[in-house]
Amino acid sequence: MSVRQEMPGRLLRLLALLQSRREWPGGELAERVGVTTRTLRRDIDRLRALDYPVESTGGTGGGYRLGRGGRLPPLVLDDDEAVAVGVALAAAASVTPDLGESATRALAKLGQVLPARLRPRLAAAGSIVAAPPRGVPADDLPDGAHADGPARDADAGLPGVDPDRLALLAAACRDAEVVSLRYVSKGRDTARRVEPHRLVLAEGRWYLSAHDLVRDAARIFRLDRMHDVAATGRRFALRPQPEDAVAQLRESFAAATYRHTAHVTIELPESEARRWVPALPGEVVAEGPDRCRARISADSAPLVVQYTALLTAVAAARGAAVTVDAEAAVAEPLRSLGTTLTAIP
């Protein structure tokens, strides 16, 4: 028997209200449900008889709250909440192997019960992929061969994204529809027309993988730097795109140059350096079978110092020669660190 057949609509509204706040005064709750306090008490008793643990609270006038245990109450979501749950499930299915199957089943169940008006928005969630954390603080993508957006300090707070913008872009990815937008990059606000491919959630930020029609090149855009985003109604034929949008984003992170950069040459094979420092904010390139060169780049100088020191320590532990080429903001803290370490008896 379905929940709606088992319980009248008034009880569903009552459950939804009990879920929305920790505790409700009895009089206020009765007013919100649209019944008398006497009828409210009877409805509370009916919920308890159905094994929903509604607790009475003391104090002036008394009140009610939904306790722990008992049956899992039905979730009553508004339109935006339902779509948000769908997006979260789609992201979990793409990034978390242990939860992937369960998230996919839950997403299918959600799709079955959603009103028809919301199903296209949920279907668009299939255009979203999520990237596993890199394990390092996330600096940002600057303008470059594969990325758009000015650099930003790694310690700054993560920006929010308009859910309507996210939904519009997800639908455009699904429907292969050209999108017009304005984009702020390096202090300049420019008009763009793009063919959207995938939305990627990485390091707590949203990115759009797309083909920029103005520059006729693949680009990655940060959603929080977009404004005046609009679907044009013009469809496009799909171009060859990277199969793995997350890998494309990772390559952009690795290839980008930020405010502070250090170059570290190590007399070790590339595979050995990657083994010990797998989550490097930059890239490692082989310069022979027993020699590699790492480029460490970030907006945060301490972050560059941290990973440069780590690579140097890996080389020292293996008796390998190492050379560091870095600007003063990185070199001076490294020298200070070296002096401190050599002073240890």
# chains A, B, ... in the order shown; residues from 1 in each chain; ligands from 1
$ residues_around --residues "range 302-311 of chain A" --least-positions-apart "3" --cutoff "9 Å" --atoms "only C-alpha atoms" --output "PyMOL selection string"
chain A and resi 136-137+154+260-264+266+273+276-277+280-281+294+296-299+314-316+322+324+329-331+333-334+337
$ atom_distance --atom1 "CA of Arg219 in chain A" --atom2 "CA of Tyr207 in chain A"
10.1 Å
$ select_by_dssp --residues "range 274-329 of chain A" --states "helix (DSSP H, G or I)" --output "ChimeraX atom specification"
/A:274-276,301-317,328-329
$ write_last_selection --atoms "N, CA and C atoms" --output "short mmCIF file (atom, residue, chain, number, x, y, z; two decimals), in the first residue's frame"
data_model
loop_
_atom_site.label_atom_id
_atom_site.label_comp_id
_atom_site.auth_asym_id
_atom_site.auth_seq_id
_atom_site.Cartn_x
_atom_site.Cartn_y
_atom_site.Cartn_z
N ARG A 274 56.20 10.13 -8.67
CA ARG A 274 54.74 10.10 -8.59
C ARG A 274 54.26 9.16 -7.50
N ARG A 275 55.00 8.09 -7.27
CA ARG A 275 54.60 7.12 -6.25
C ARG A 275 54.56 7.75 -4.88
N TRP A 276 55.55 8.58 -4.59
CA TRP A 276 55.64 9.15 -3.25
C TRP A 276 54.89 10.47 -3.10
N ALA A 301 51.77 30.53 -1.86
CA ALA A 301 53.21 30.26 -1.76
C ALA A 301 53.51 29.16 -0.73
N PRO A 302 52.86 29.15 0.45
CA PRO A 302 53.12 28.05 1.40
C PRO A 302 52.81 26.68 0.82
N LEU A 303 51.79 26.60 -0.04
CA LEU A 303 51.46 25.32 -0.65
C LEU A 303 52.60 24.86 -1.58
N VAL A 304 53.16 25.79 -2.35
CA VAL A 304 54.28 25.45 -3.22
C VAL A 304 55.49 25.04 -2.39
N VAL A 305 55.76 25.78 -1.31
CA VAL A 305 56.87 25.44 -0.42
C VAL A 305 56.67 24.04 0.15
N GLN A 306 55.45 23.72 0.58
CA GLN A 306 55.15 22.43 1.19
C GLN A 306 55.48 21.28 0.25
N TYR A 307 55.03 21.35 -1.00
CA TYR A 307 55.23 20.24 -1.92
C TYR A 307 56.64 20.21 -2.50
N THR A 308 57.27 21.37 -2.61
CA THR A 308 58.67 21.39 -3.03
C THR A 308 59.53 20.72 -1.97
N ALA A 309 59.28 21.05 -0.71
CA ALA A 309 60.02 20.43 0.39
C ALA A 309 59.78 18.94 0.45
N LEU A 310 58.56 18.51 0.15
CA LEU A 310 58.24 17.09 0.18
C LEU A 310 59.01 16.34 -0.90
N LEU A 311 59.05 16.89 -2.12
CA LEU A 311 59.81 16.25 -3.19
C LEU A 311 61.30 16.21 -2.86
N THR A 312 61.80 17.29 -2.28
CA THR A 312 63.22 17.34 -1.89
C THR A 312 63.52 16.28 -0.84
N ALA A 313 62.62 16.10 0.11
CA ALA A 313 62.81 15.09 1.15
C ALA A 313 62.80 13.69 0.56
N VAL A 314 61.91 13.45 -0.42
CA VAL A 314 61.86 12.14 -1.08
C VAL A 314 63.19 11.85 -1.77
N ALA A 315 63.73 12.85 -2.46
CA ALA A 315 65.01 12.68 -3.14
C ALA A 315 66.13 12.42 -2.14
N ALA A 316 66.17 13.19 -1.05
CA ALA A 316 67.23 13.04 -0.06
C ALA A 316 67.19 11.66 0.58
N ALA A 317 66.00 11.14 0.85
CA ALA A 317 65.87 9.83 1.48
C ALA A 317 66.39 8.72 0.59
N ALA A 328 61.65 34.12 -5.10
CA ALA A 328 62.03 34.43 -3.73
C ALA A 328 60.94 34.04 -2.73
N ALA A 329 59.66 34.22 -3.09
CA ALA A 329 58.56 33.92 -2.17
C ALA A 329 58.53 32.45 -1.78
#
$ atom_distance --atom1 "CA of Ser20 in chain A" --atom2 "CA of Arg117 in chain A"
24.1 Å
$ atom_distance --atom1 "CA of Val194 in chain A" --atom2 "CA of Leu168 in chain A"
13.2 Å
$ closest_residue --among "A:Arg205, A:Arg318, A:Arg295, A:Arg65" --to "Arg222 in chain A" --atoms "only C-alpha atoms"
A:Arg205
$ closest_residue --among "A:Thr232, A:Met226, A:Leu14, A:Leu166" --to "Asp80 in chain A" --atoms "only C-alpha atoms"
A:Leu166
